[in-house]
file entry01.csv (CSV, C-alpha atoms and all ligand atoms)
chain,number,residue,atom,x,y,z
A,1489,MET,CA,78.1,66.0,106.2
A,1490,GLN,CA,78.0,68.7,103.5
A,1491,ILE,CA,81.5,69.9,102.9
A,1492,LEU,CA,82.5,72.8,100.6
A,1493,CYS,CA,86.2,72.6,99.5
A,1494,THR,CA,87.9,75.5,97.7
A,1495,GLY,CA,91.0,74.8,95.7
A,1496,ALA,CA,89.7,71.4,94.8
A,1497,THR,CA,91.9,71.1,91.7
A,1498,GLY,CA,95.1,71.8,93.8
A,1499,LEU,CA,97.5,69.2,95.3
A,1500,VAL,CA,95.9,69.2,98.7
A,1501,GLY,CA,92.2,69.9,97.7
A,1502,TYR,CA,92.1,67.2,95.0
A,1503,ASN,CA,93.4,64.5,97.4
A,1504,PHE,CA,91.0,65.8,100.1
A,1505,ILE,CA,87.8,65.8,98.0
A,1506,LYS,CA,88.4,62.1,97.0
A,1507,ALA,CA,89.0,61.1,100.6
A,1508,ALA,CA,86.0,63.0,101.9
A,1509,ALA,CA,83.7,61.6,99.3
A,1510,GLU,CA,85.0,58.1,99.9
A,1511,ALA,CA,84.3,58.6,103.7
A,1512,GLY,CA,80.6,59.2,102.7
A,1513,HIS,CA,80.5,63.0,102.9
A,1514,LYS,CA,78.7,65.1,100.3
A,1515,VAL,CA,81.3,67.3,98.7
A,1516,THR,CA,81.0,70.5,96.7
A,1517,ALA,CA,84.3,71.0,95.0
A,1518,VAL,CA,85.1,74.6,94.0
A,1519,CYS,CA,87.4,74.8,91.0
A,1520,GLY,CA,89.1,78.0,89.7
A,1521,THR,CA,90.3,77.6,86.1
A,1522,ARG,CA,90.7,73.8,86.0
A,1523,GLU,CA,88.2,71.0,85.6
A,1524,LEU,CA,87.8,67.9,87.8
A,1525,PRO,CA,87.0,64.4,86.5
A,1526,GLN,CA,83.8,62.8,87.7
A,1527,ILE,CA,84.0,61.6,91.3
A,1528,ALA,CA,81.1,59.9,93.1
A,1529,ASN,CA,79.6,62.1,95.8
A,1530,VAL,CA,81.4,65.2,94.5
A,1531,SER,CA,79.6,68.0,92.6
A,1532,SER,CA,82.1,70.4,91.1
A,1533,VAL,CA,81.4,74.1,90.7
A,1534,LYS,CA,83.5,76.7,88.9
A,1535,CYS,CA,83.8,79.9,90.8
A,1536,ASP,CA,86.3,82.8,90.8
A,1537,LEU,CA,86.8,83.2,94.5
A,1538,LEU,CA,88.0,86.8,94.0
A,1539,ASP,CA,84.4,87.6,92.9
A,1540,GLU,CA,82.9,88.4,96.3
A,1541,HIS,CA,79.2,88.1,95.1
A,1542,ALA,CA,79.7,84.8,93.3
A,1543,THR,CA,81.5,83.3,96.4
A,1544,GLN,CA,78.7,84.5,98.7
A,1545,ARG,CA,76.0,83.2,96.4
A,1546,LEU,CA,77.7,79.8,96.2
A,1547,ILE,CA,78.1,79.4,100.0
A,1548,LEU,CA,74.5,80.5,100.6
A,1549,ASP,CA,73.3,78.0,97.9
A,1550,VAL,CA,75.3,75.1,99.2
A,1551,PHE,CA,74.9,76.0,102.9
A,1552,PRO,CA,77.8,73.7,103.9
A,1553,GLN,CA,78.4,72.4,107.4
A,1554,ILE,CA,82.2,72.7,106.9
A,1555,ILE,CA,84.3,74.8,104.6
A,1556,VAL,CA,87.8,73.5,103.8
A,1557,ASN,CA,89.9,76.3,102.3
A,1558,CYS,CA,92.6,74.9,100.1
A,1559,ALA,CA,92.6,77.8,97.6
A,1560,ALA,CA,95.7,79.9,97.6
A,1561,ILE,CA,98.6,81.3,95.7
A,1562,SER,CA,100.8,78.6,97.1
A,1563,SER,CA,104.1,79.3,95.5
A,1564,PRO,CA,106.3,81.9,97.2
A,1565,ALA,CA,107.7,82.9,93.8
A,1566,ASP,CA,104.2,83.5,92.5
A,1567,VAL,CA,103.4,85.6,95.6
A,1568,ASP,CA,106.6,87.7,95.0
A,1569,ALA,CA,105.6,88.1,91.3
A,1570,ASN,CA,102.1,89.3,92.1
A,1571,PRO,CA,101.8,90.6,95.7
A,1572,GLU,CA,98.4,92.2,95.2
A,1573,LEU,CA,96.8,89.1,93.9
A,1574,ALA,CA,98.5,87.1,96.7
A,1575,GLU,CA,97.1,89.3,99.4
A,1576,LYS,CA,93.6,89.0,97.9
A,1577,MET,CA,93.8,85.2,97.7
A,1578,ASN,CA,95.9,84.3,100.7
A,1579,THR,CA,94.6,86.9,103.3
A,1580,LYS,CA,91.4,88.6,102.2
A,1581,LEU,CA,89.7,85.5,100.8
A,1582,PRO,CA,90.2,83.4,104.0
A,1583,GLU,CA,88.8,86.3,106.0
A,1584,ARG,CA,85.7,86.5,103.8
A,1585,LEU,CA,85.3,82.7,104.0
A,1586,ALA,CA,85.5,82.8,107.8
A,1587,ILE,CA,82.7,85.5,107.9
A,1588,LEU,CA,80.6,83.5,105.4
A,1589,ALA,CA,81.2,80.3,107.4
A,1590,ASN,CA,80.1,82.0,110.6
A,1591,HIS,CA,77.0,83.3,108.8
A,1592,VAL,CA,75.9,79.8,107.8
A,1593,SER,CA,77.1,78.3,111.1
A,1594,ALA,CA,79.7,76.2,109.4
A,1595,ARG,CA,83.2,75.2,110.7
A,1596,LEU,CA,86.1,76.5,108.7
A,1597,ILE,CA,89.3,74.5,108.2
A,1598,HIS,CA,91.9,76.8,106.8
A,1599,LEU,CA,95.3,75.6,105.5
A,1600,SER,CA,98.5,77.5,106.4
A,1601,THR,CA,102.2,76.8,106.2
A,1602,ASP,CA,105.4,76.2,108.1
A,1603,MET,CA,106.6,79.4,106.3
A,1604,VAL,CA,105.0,81.5,109.0
A,1605,PHE,CA,108.3,80.8,110.8
A,1606,ASP,CA,111.7,82.0,109.7
A,1607,GLY,CA,113.6,78.7,110.1
A,1608,SER,CA,116.1,79.9,112.7
A,1609,CYS,CA,115.0,78.0,115.8
A,1610,ALA,CA,113.3,74.7,114.9
A,1611,PRO,CA,111.5,72.6,116.0
A,1612,TYR,CA,108.4,74.8,116.0
A,1613,LYS,CA,105.4,74.2,118.3
A,1614,ASN,CA,102.0,75.5,117.4
A,1615,THR,CA,102.3,77.8,120.4
A,1616,ASP,CA,105.6,79.4,119.2
A,1617,VAL,CA,105.4,83.0,118.0
A,1618,PRO,CA,105.5,83.1,114.1
A,1619,MET,CA,107.9,85.4,112.3
A,1620,PRO,CA,107.8,85.0,108.5
A,1621,CYS,CA,110.7,86.0,106.4
A,1622,THR,CA,108.9,85.8,103.0
A,1623,LEU,CA,105.9,87.6,101.6
A,1624,TYR,CA,104.1,84.3,101.2
A,1625,GLY,CA,104.6,83.5,104.9
A,1626,THR,CA,103.4,87.0,105.8
A,1627,THR,CA,100.2,86.7,103.7
A,1628,LYS,CA,99.5,83.3,105.3
A,1629,LEU,CA,100.1,84.6,108.8
A,1630,MET,CA,97.8,87.5,108.3
A,1631,ALA,CA,95.1,85.0,107.2
A,1632,GLU,CA,95.6,82.9,110.3
A,1633,LYS,CA,95.0,85.9,112.5
A,1634,ALA,CA,92.0,87.1,110.5
A,1635,VAL,CA,90.1,83.8,110.4
A,1636,LEU,CA,90.7,83.0,114.1
A,1637,LYS,CA,89.5,86.5,115.0
A,1638,VAL,CA,86.1,85.9,113.2
A,1639,SER,CA,85.2,82.7,115.0
A,1640,PRO,CA,87.9,81.0,117.2
A,1641,ALA,CA,85.7,78.2,118.5
A,1642,THR,CA,84.7,76.9,115.0
A,1643,THR,CA,87.9,77.5,113.1
A,1644,VAL,CA,90.9,75.2,112.6
A,1645,VAL,CA,94.1,76.5,111.1
A,1646,LEU,CA,96.3,73.6,110.0
A,1647,ARG,CA,99.9,74.5,109.3
A,1648,LEU,CA,101.5,72.2,106.8
A,1649,SER,CA,105.1,71.3,105.9
A,1650,HIS,CA,106.1,70.3,102.3
A,1651,VAL,CA,103.3,68.3,100.7
A,1652,SER,CA,104.3,65.3,98.6
A,1653,GLY,CA,102.0,63.2,96.4
A,1654,ASN,CA,100.2,63.0,93.1
A,1655,SER,CA,98.4,66.0,91.7
A,1656,LEU,CA,95.5,66.4,89.2
A,1657,THR,CA,97.8,68.2,86.8
A,1658,ARG,CA,100.6,65.7,87.3
A,1659,ARG,CA,102.9,68.8,87.4
A,1660,ARG,CA,102.4,70.2,90.9
A,1661,SER,CA,104.3,68.1,93.4
A,1662,LEU,CA,108.1,67.9,93.8
A,1663,HIS,CA,108.5,64.4,92.3
A,1664,GLU,CA,106.3,65.4,89.3
A,1665,LYS,CA,108.3,68.6,88.7
A,1666,LEU,CA,111.7,66.8,89.1
A,1667,LEU,CA,110.7,64.1,86.7
A,1668,LEU,CA,109.6,66.6,84.1
A,1669,ASN,CA,112.8,68.7,84.4
A,1670,TRP,CA,115.0,65.6,84.3
A,1671,SER,CA,113.1,64.3,81.2
A,1672,LEU,CA,114.0,67.7,79.6
A,1673,GLY,CA,117.7,67.0,80.4
A,1674,LYS,CA,117.9,69.6,83.2
A,1675,LYS,CA,120.2,69.1,86.2
A,1676,LEU,CA,118.6,70.9,89.2
A,1677,LYS,CA,120.2,72.7,92.1
A,1678,LEU,CA,118.6,71.7,95.4
A,1679,ARG,CA,119.4,73.2,98.8
A,1680,THR,CA,121.1,71.0,101.5
A,1681,ASP,CA,120.4,73.7,104.2
A,1682,GLU,CA,116.6,74.0,103.7
A,1683,ILE,CA,114.9,71.5,105.9
A,1684,LYS,CA,111.3,70.4,105.8
A,1685,CYS,CA,109.2,67.5,107.2
A,1686,PRO,CA,107.6,66.2,103.9
A,1687,LEU,CA,104.2,64.8,104.4
A,1688,SER,CA,101.9,62.6,102.3
A,1689,ALA,CA,99.0,64.4,100.4
A,1690,GLU,CA,97.0,61.1,100.8
A,1691,ARG,CA,97.6,60.9,104.6
A,1692,LEU,CA,96.9,64.6,105.0
A,1693,ALA,CA,93.6,64.1,103.2
A,1694,GLU,CA,92.7,61.4,105.8
A,1695,MET,CA,93.7,63.7,108.6
A,1696,LEU,CA,91.5,66.5,107.2
A,1697,VAL,CA,88.5,64.1,107.0
A,1698,GLU,CA,89.2,63.2,110.7
A,1699,ILE,CA,89.3,66.9,111.6
A,1700,CYS,CA,86.0,67.4,109.8
A,1701,ASP,CA,84.6,64.5,112.0
A,1702,ARG,CA,85.9,66.1,115.2
A,1703,PRO,CA,83.8,69.3,115.9
A,1704,ASN,CA,85.6,69.9,119.2
A,1705,LEU,CA,88.9,70.7,117.4
A,1706,SER,CA,89.6,74.4,117.0
A,1707,GLY,CA,92.7,76.7,117.0
A,1708,ILE,CA,96.1,76.2,115.4
A,1709,TYR,CA,97.7,72.8,114.7
A,1710,HIS,CA,100.8,71.6,112.9
A,1711,TYR,CA,100.8,68.6,110.5
A,1712,ALA,CA,104.0,67.3,109.1
A,1713,GLY,CA,106.0,64.2,108.2
A,1714,LEU,CA,107.9,62.4,110.9
A,1715,GLU,CA,111.4,63.1,109.4
A,1716,SER,CA,113.3,66.3,108.8
A,1717,VAL,CA,114.8,66.1,105.3
A,1718,SER,CA,116.7,68.7,103.2
A,1719,ARG,CA,115.4,69.6,99.8
A,1720,TYR,CA,118.5,68.0,98.3
A,1721,ASP,CA,118.0,64.8,100.2
A,1722,MET,CA,114.4,64.7,99.1
A,1723,GLY,CA,115.5,65.0,95.4
A,1724,ALA,CA,118.3,62.4,95.9
A,1725,ARG,CA,115.9,59.9,97.4
A,1726,ILE,CA,113.2,60.5,94.8
A,1727,ALA,CA,115.8,60.0,92.0
A,1728,LYS,CA,117.0,56.7,93.6
A,1729,TYR,CA,113.5,55.5,94.1
A,1730,PHE,CA,112.8,55.9,90.4
A,1731,GLY,CA,116.1,54.1,89.5
A,1732,LEU,CA,118.0,57.3,88.6
A,1733,LYS,CA,121.5,58.4,89.7
A,1734,PRO,CA,121.2,61.5,91.9
A,1735,ASP,CA,124.6,62.9,90.8
A,1736,GLU,CA,123.4,62.9,87.2
A,1737,PHE,CA,120.3,65.0,87.9
A,1738,ILE,CA,120.8,67.1,91.0
A,1739,GLU,CA,123.5,69.4,92.4
A,1740,PRO,CA,123.7,70.3,96.1
A,1741,VAL,CA,123.7,74.0,96.8
A,1742,GLN,CA,123.3,76.2,99.9
A,1743,GLY,CA,121.0,79.2,100.4
A,1744,ASP,CA,121.8,82.7,101.8
A,1745,ARG,CA,121.2,81.3,105.3
A,1746,PRO,CA,120.2,77.9,106.7
A,1747,MET,CA,116.4,77.4,107.1
A,1748,ASN,CA,115.1,74.6,109.3
A,1749,LEU,CA,111.3,74.5,109.3
A,1750,THR,CA,110.8,71.3,111.3
A,1751,MET,CA,107.5,71.4,113.0
A,1752,ASP,CA,106.4,69.6,116.2
A,1753,MET,CA,103.0,68.1,115.6
A,1754,SER,CA,102.5,66.5,119.0
A,1755,CYS,CA,99.5,68.7,119.8
A,1756,LEU,CA,97.5,67.4,116.9
A,1757,ALA,CA,98.8,63.8,117.3
A,1758,ALA,CA,97.5,63.8,120.9
A,1759,ARG,CA,94.0,64.6,119.6
A,1760,THR,CA,93.7,62.5,116.5
A,1761,LYS,CA,94.0,58.8,115.3
A,1762,ASN,CA,95.6,59.3,111.9
A,1763,ARG,CA,99.3,59.0,111.9
A,1764,SER,CA,102.0,60.7,109.7
A,1765,CYS,CA,105.0,58.9,108.3
A,1766,MET,CA,108.7,58.9,107.4
A,1767,PHE,CA,109.9,60.1,104.0
A,1768,ASP,CA,110.7,56.6,102.7
A,1769,GLU,CA,107.1,55.6,103.3
A,1770,LEU,CA,106.0,58.4,100.9
A,1771,LEU,CA,108.1,57.2,98.0
A,1772,PRO,CA,105.9,54.2,97.1
A,1773,GLU,CA,102.9,56.6,96.8
A,1774,MET,CA,104.6,58.7,94.1
A,1775,LYS,CA,103.4,57.9,90.6
A,1776,VAL,CA,105.1,58.6,87.2
A,1777,PRO,CA,103.1,61.1,85.1
A,1778,PRO,CA,102.0,59.0,82.1
A,1779,ASP,CA,103.6,61.3,79.5
A,1780,LEU,CA,107.0,60.7,81.2
A,1781,GLU,CA,106.8,56.9,81.4
A,1782,SER,CA,108.6,56.2,78.2
A,1783,TRP,CA,111.4,58.6,79.0
A,1784,LEU,CA,111.8,56.9,82.4
A,1785,LYS,CA,111.8,53.5,80.8
A,1786,SER,CA,114.4,54.5,78.3
A,1787,LYS,CA,116.6,55.9,81.1
A,1788,THR,CA,116.3,53.0,83.6
A,1789,GLY,CA,115.2,50.1,81.3
A,1790,LYS,CA,112.3,49.4,83.7
A,1791,ALA,CA,108.5,50.0,83.4
A,1792,PRO,CA,107.1,52.6,85.8
A,1793,ILE,CA,106.6,51.4,89.3
A,1794,LYS,CA,103.1,52.9,89.8
A,1795,ARG,CA,100.6,54.4,87.3
A,1796,TYR,CA,98.1,57.2,87.8
A,1797,LYS,CA,94.5,56.2,88.4
A,1798,LEU,CA,92.6,59.6,88.1
B,1,LIG,N1,101.8,72.2,98.6
B,1,LIG,C1,102.5,72.4,99.7
B,1,LIG,O1,103.6,71.8,99.8
B,1,LIG,C2,102.0,73.2,100.8
B,1,LIG,C3,102.8,73.4,102.0
B,1,LIG,C4,102.4,74.2,103.0
B,1,LIG,C5,101.1,74.8,103.0
B,1,LIG,N2,100.3,74.6,101.8
B,1,LIG,C6,99.0,75.3,101.8
B,1,LIG,O2,98.0,74.3,101.5
B,1,LIG,C7,97.0,74.9,100.7
B,1,LIG,C8,96.8,74.1,99.5
B,1,LIG,O3,98.0,74.2,98.7
B,1,LIG,P1,98.2,73.4,97.3
B,1,LIG,O4,99.6,73.0,97.2
B,1,LIG,O5,97.1,72.3,97.2
B,1,LIG,O6,97.9,74.6,96.3
B,1,LIG,P2,97.8,74.5,94.7
B,1,LIG,O7,98.1,73.1,94.2
B,1,LIG,O8,98.6,75.6,94.2
B,1,LIG,O9,96.3,74.8,94.4
B,1,LIG,C9,95.8,76.1,94.5
B,1,LIG,C10,94.2,76.0,94.3
B,1,LIG,O10,93.7,77.4,94.4
B,1,LIG,C11,92.8,77.6,93.4
B,1,LIG,N3,92.6,79.0,93.0
B,1,LIG,C12,93.6,79.9,92.9
B,1,LIG,N4,93.1,81.1,92.6
B,1,LIG,C13,91.7,80.9,92.5
B,1,LIG,C14,90.6,81.8,92.3
B,1,LIG,N5,90.8,83.1,92.0
B,1,LIG,N6,89.4,81.2,92.3
B,1,LIG,C15,89.2,79.9,92.6
B,1,LIG,N7,90.2,79.1,92.9
B,1,LIG,C16,91.4,79.6,92.8
B,1,LIG,C17,93.3,76.8,92.2
B,1,LIG,O11,92.3,76.5,91.3
B,1,LIG,P3,92.6,76.3,89.7
B,1,LIG,O12,93.9,75.7,89.5
B,1,LIG,O13,91.4,75.5,89.2
B,1,LIG,O14,92.6,77.7,89.1
B,1,LIG,C18,93.9,75.5,92.9
B,1,LIG,O15,92.8,74.6,93.0
B,1,LIG,C19,97.4,76.4,100.5
B,1,LIG,O16,96.8,77.2,101.5
B,1,LIG,C20,98.9,76.4,100.7
B,1,LIG,O17,99.4,77.6,101.2
B,1,LIG,C21,100.7,73.9,100.8
call {"tool": "encode", "arguments": {"input": "entry01.csv", "output": "structure tokens"}}
result
Amino acid sequence: MQILCTGATGLVGYNFIKAAAEAGHKVTAVCGTRELPQIANVSSVKCDLLDEHATQRLILDVFPQIIVNCAAISSPADVDANPELAEKMNTKLPERLAILANHVSARLIHLSTDMVFDGSCAPYKNTDVPMPCTLYGTTKLMAEKAVLKVSPATTVVLRLSHVSGNSLTRRRSLHEKLLLNWSLGKKLKLRTDEIKCPLSAERLAEMLVEICDRPNLSGIYHYAGLESVSRYDMGARIAKYFGLKPDEFIEPVQGDRPMNLTMDMSCLAARTKNRSCMFDELLPEMKVPPDLESWLKSKTGKAPIKRYKL
């Protein structure tokens, strides 16, 4: 199949384009400011998705059978810092992609977030009424409504919990950010009362490929890890996995109010073969960014457990 993936240089998109190409699909990978390395079966294209004409031209040129939208302003802090840009990227762009997908008779797989919920009454089913308490969650919820309105029968909205894994930039995922900060001697405060179900970017990529291969799937689904874990607990288990002492590097703190964003993914699990996993199964997938290897070795006396192969 001909797949067009936006946000191909991001954490989710980069893992997805590799899995889709490996599964034999022809992939057009849309990059914003960053470049991709060469990957077989992947042709990469630079396009500012805020440029409506360029985006339209690209989709008409490629004429994809599936559009997977991984482009976004994905950090809640970045959304707060630039709400106008966030609305354009997180709400208006998905709506335009849905209209273009409909025009070329393509399916749209759009990624959303557990943060469409406020965290006060978990676990959340895909049929529960969303109520975001952040601007990020609001921009993502507006997009969900917009894309499903355009073409409900050919659109999948996949809400994700916290994505763990290895990124193209080696700076995007939690373990990459923690290792960088720890190498700079920073002790980080992590919340014990913010609960997520961390999932693997690699397994998510396999799930997205499966969704591409199942044309009958449409509507809203949840995809998450099988275990509810606090942000502090994630940090502590990552530190231990890399041979570091959690007490030296992280400090437990609490937020203004507890937030449990555990998602029930049984609806998707009943319709697909790929399985999610527990947090401990994600740890062996985490690689040490090459520029931090010598710091880690000096700290633990051991060579890194896994190396990047980009
Ligand atoms: N990561 C998570 O834990 C998580 C959790 C829940 C939901 N999600 C959702 O999953 C999706 C993917 O997230 P992610 O973590 O992979 O995001 P990410 O790593 O922040 O990547 C964002 C992508 O968007 C692209 N982009 C931004 N502005 C652009 C523009 N004007 N034109 C073209 N491309 C542009 C970036 O391209 P360049 O870098 O090349 O500029 C990058 O490839 C998002 O919808 C996010 O809301 C993520």
call {"tool": "residues_near_ligand", "arguments": {"input": "entry01.csv", "ligand": "ligand LIG 1 (chain B)", "cutoff": "9 Å", "atoms": "all atoms listed in the file", "output": "mmCIF file with C-alpha atoms, keeping the file's coordinate frame"}}
result
data_model
loop_
_atom_site.group_PDB
_atom_site.id
_atom_site.type_symbol
_atom_site.label_atom_id
_atom_site.label_comp_id
_atom_site.auth_asym_id
_atom_site.auth_seq_id
_atom_site.Cartn_x
_atom_site.Cartn_y
_atom_site.Cartn_z
ATOM 1 C CA THR A 1494 87.900 75.500 97.700
ATOM 2 C CA GLY A 1495 91.000 74.800 95.700
ATOM 3 C CA ALA A 1496 89.700 71.400 94.800
ATOM 4 C CA THR A 1497 91.900 71.100 91.700
ATOM 5 C CA GLY A 1498 95.100 71.800 93.800
ATOM 6 C CA LEU A 1499 97.500 69.200 95.300
ATOM 7 C CA VAL A 1500 95.900 69.200 98.700
ATOM 8 C CA GLY A 1501 92.200 69.900 97.700
ATOM 9 C CA TYR A 1502 92.100 67.200 95.000
ATOM 10 C CA ASN A 1503 93.400 64.500 97.400
ATOM 11 C CA VAL A 1518 85.100 74.600 94.000
ATOM 12 C CA CYS A 1519 87.400 74.800 91.000
ATOM 13 C CA GLY A 1520 89.100 78.000 89.700
ATOM 14 C CA THR A 1521 90.300 77.600 86.100
ATOM 15 C CA ARG A 1522 90.700 73.800 86.000
ATOM 16 C CA GLU A 1523 88.200 71.000 85.600
ATOM 17 C CA LEU A 1524 87.800 67.900 87.800
ATOM 18 C CA LYS A 1534 83.500 76.700 88.900
ATOM 19 C CA CYS A 1535 83.800 79.900 90.800
ATOM 20 C CA ASP A 1536 86.300 82.800 90.800
ATOM 21 C CA LEU A 1537 86.800 83.200 94.500
ATOM 22 C CA LEU A 1538 88.000 86.800 94.000
ATOM 23 C CA ASP A 1539 84.400 87.600 92.900
ATOM 24 C CA ASN A 1557 89.900 76.300 102.300
ATOM 25 C CA CYS A 1558 92.600 74.900 100.100
ATOM 26 C CA ALA A 1559 92.600 77.800 97.600
ATOM 27 C CA ALA A 1560 95.700 79.900 97.600
ATOM 28 C CA ILE A 1561 98.600 81.300 95.700
ATOM 29 C CA SER A 1562 100.800 78.600 97.100
ATOM 30 C CA SER A 1563 104.100 79.300 95.500
ATOM 31 C CA LEU A 1573 96.800 89.100 93.900
ATOM 32 C CA LYS A 1576 93.600 89.000 97.900
ATOM 33 C CA MET A 1577 93.800 85.200 97.700
ATOM 34 C CA ASN A 1578 95.900 84.300 100.700
ATOM 35 C CA HIS A 1598 91.900 76.800 106.800
ATOM 36 C CA LEU A 1599 95.300 75.600 105.500
ATOM 37 C CA SER A 1600 98.500 77.500 106.400
ATOM 38 C CA THR A 1601 102.200 76.800 106.200
ATOM 39 C CA ASP A 1602 105.400 76.200 108.100
ATOM 40 C CA MET A 1603 106.600 79.400 106.300
ATOM 41 C CA TYR A 1624 104.100 84.300 101.200
ATOM 42 C CA GLY A 1625 104.600 83.500 104.900
ATOM 43 C CA LYS A 1628 99.500 83.300 105.300
ATOM 44 C CA LEU A 1646 96.300 73.600 110.000
ATOM 45 C CA ARG A 1647 99.900 74.500 109.300
ATOM 46 C CA LEU A 1648 101.500 72.200 106.800
ATOM 47 C CA SER A 1649 105.100 71.300 105.900
ATOM 48 C CA HIS A 1650 106.100 70.300 102.300
ATOM 49 C CA VAL A 1651 103.300 68.300 100.700
ATOM 50 C CA SER A 1652 104.300 65.300 98.600
ATOM 51 C CA SER A 1655 98.400 66.000 91.700
ATOM 52 C CA LEU A 1656 95.500 66.400 89.200
ATOM 53 C CA THR A 1657 97.800 68.200 86.800
ATOM 54 C CA ARG A 1660 102.400 70.200 90.900
ATOM 55 C CA SER A 1661 104.300 68.100 93.400
ATOM 56 C CA LEU A 1662 108.100 67.900 93.800
ATOM 57 C CA PRO A 1686 107.600 66.200 103.900
ATOM 58 C CA LEU A 1687 104.200 64.800 104.400
ATOM 59 C CA ALA A 1689 99.000 64.400 100.400
#
call {"tool": "closest_residue", "arguments": {"input": "entry01.csv", "among": "A:Pro1620, A:Cys1493, A:Pro1611, A:Val1697", "to": "Ala1511 of chain A", "atoms": "all atoms listed in the file"}}
result
A:Val1697
call {"tool": "residues_around", "arguments": {"input": "entry01.csv", "residues": "Leu1668 of chain A", "least_positions_apart": "4", "cutoff": "9 Å", "atoms": "only C-alpha atoms", "output": "PyMOL selection string"}}
result
chain A and resi 1659+1663-1664+1672-1674+1777+1780
call {"tool": "write_last_selection", "arguments": {"input": "entry01.csv", "atoms": "C-alpha atoms", "output": "tab-separated table (two decimals), in the coordinates of the input"}}
result
chain	number	residue	atom	x	y	z
A	1659	ARG	CA	102.90	68.80	87.40
A	1663	HIS	CA	108.50	64.40	92.30
A	1664	GLU	CA	106.30	65.40	89.30
A	1672	LEU	CA	114.00	67.70	79.60
A	1673	GLY	CA	117.70	67.00	80.40
A	1674	LYS	CA	117.90	69.60	83.20
A	1777	PRO	CA	103.10	61.10	85.10
A	1780	LEU	CA	107.00	60.70	81.20
call {"tool": "residues_around", "arguments": {"input": "entry01.csv", "residues": "Ala1693 of chain A", "least_positions_apart": "3", "cutoff": "6 Å", "atoms": "only C-alpha atoms", "output": "compact mmCIF listing (two decimals) with C-alpha atoms, in the coordinates of the input"}}
result
# COMPACT_ATOMS: atom_id res chain seq x y z
CA ASN A 1503 93.40 64.50 97.40
CA PHE A 1504 91.00 65.80 100.10
CA GLU A 1690 97.00 61.10 100.80
CA LEU A 1696 91.50 66.50 107.20
call {"tool": "closest_residue", "arguments": {"input": "entry01.csv", "among": "A:Asn1570, A:His1591, A:Thr1642, A:Lys1514", "to": "Leu1548 of chain A", "atoms": "all atoms listed in the file"}}
result
A:His1591
call {"tool": "residues_around", "arguments": {"input": "entry01.csv", "residues": "Gly1713 of chain A", "least_positions_apart": "4", "cutoff": "10 Å", "atoms": "all atoms listed in the file", "output": "JSON, numbers by chain"}}
result
{"A": [1648, 1649, 1650, 1651, 1652, 1684, 1685, 1686, 1687, 1688, 1691, 1692, 1717, 1750, 1751, 1752, 1753, 1763, 1764, 1765, 1766, 1767, 1769, 1770]}
call {"tool": "residues_around", "arguments": {"input": "entry01.csv", "residues": "Leu1676 of chain A", "least_positions_apart": "2", "cutoff": "10 Å", "atoms": "all atoms listed in the file", "output": "list in words"}}
result
Leu1666, Asn1669, Trp1670, Gly1673, Lys1674, Leu1678, Arg1679, Tyr1720, Gly1723, Glu1736, Phe1737, Ile1738, Glu1739, Pro1740 and Val1741 of chain A
call {"tool": "closest_residue", "arguments": {"input": "entry01.csv", "among": "A:Arg1759, A:Arg1725, A:Arg1719, A:Lys1633", "to": "Met1747 of chain A", "atoms": "all atoms listed in the file"}}
result
A:Arg1719
call {"tool": "closest_residue", "arguments": {"input": "entry01.csv", "among": "A:Ala1542, A:Ile1708, A:Ala1574, A:Val1638", "to": "Val1617 of chain A", "atoms": "all atoms listed in the file"}}
result
A:Ile1708
call {"tool": "closest_residue", "arguments": {"input": "entry01.csv", "among": "A:Ser1608, A:Asn1654, A:Ser1639, A:Thr1680", "to": "Met1774 of chain A", "atoms": "all atoms listed in the file"}}
result
A:Asn1654
call {"tool": "closest_residue", "arguments": {"input": "entry01.csv", "among": "A:Ile1683, A:Leu1784, A:Val1776, A:Ile1527", "to": "Leu1732 of chain A", "atoms": "all atoms listed in the file"}}
result
A:Leu1784
call {"tool": "residues_around", "arguments": {"input": "entry01.csv", "residues": "Pro1640 of chain A", "least_positions_apart": "4", "cutoff": "10 Å", "atoms": "only C-alpha atoms", "output": "compact mmCIF listing (two decimals) with C-alpha atoms, keeping the file's coordinate frame"}}
result
# COMPACT_ATOMS: atom_id res chain seq x y z
CA ALA A 1586 85.50 82.80 107.80
CA ARG A 1595 83.20 75.20 110.70
CA LEU A 1596 86.10 76.50 108.70
CA LYS A 1633 95.00 85.90 112.50
CA ALA A 1634 92.00 87.10 110.50
CA VAL A 1635 90.10 83.80 110.40
CA LEU A 1636 90.70 83.00 114.10
CA VAL A 1644 90.90 75.20 112.60
CA VAL A 1645 94.10 76.50 111.10
CA SER A 1706 89.60 74.40 117.00
CA GLY A 1707 92.70 76.70 117.00
CA ILE A 1708 96.10 76.20 115.40
call {"tool": "atom_distance", "arguments": {"input": "entry01.csv", "atom1": "atom CA of Lys1761 of chain A", "atom2": "atom CA of Gly1512 of chain A"}}
result
18.4 Å
call {"tool": "atom_distance", "arguments": {"input": "entry01.csv", "atom1": "atom CA of Leu1667 of chain A", "atom2": "atom CA of Trp1783 of chain A"}}
result
9.5 Å
call {"tool": "atom_distance", "arguments": {"input": "entry01.csv", "atom1": "atom CA of Gly1607 of chain A", "atom2": "atom CA of Pro1746 of chain A"}}
result
7.5 Å
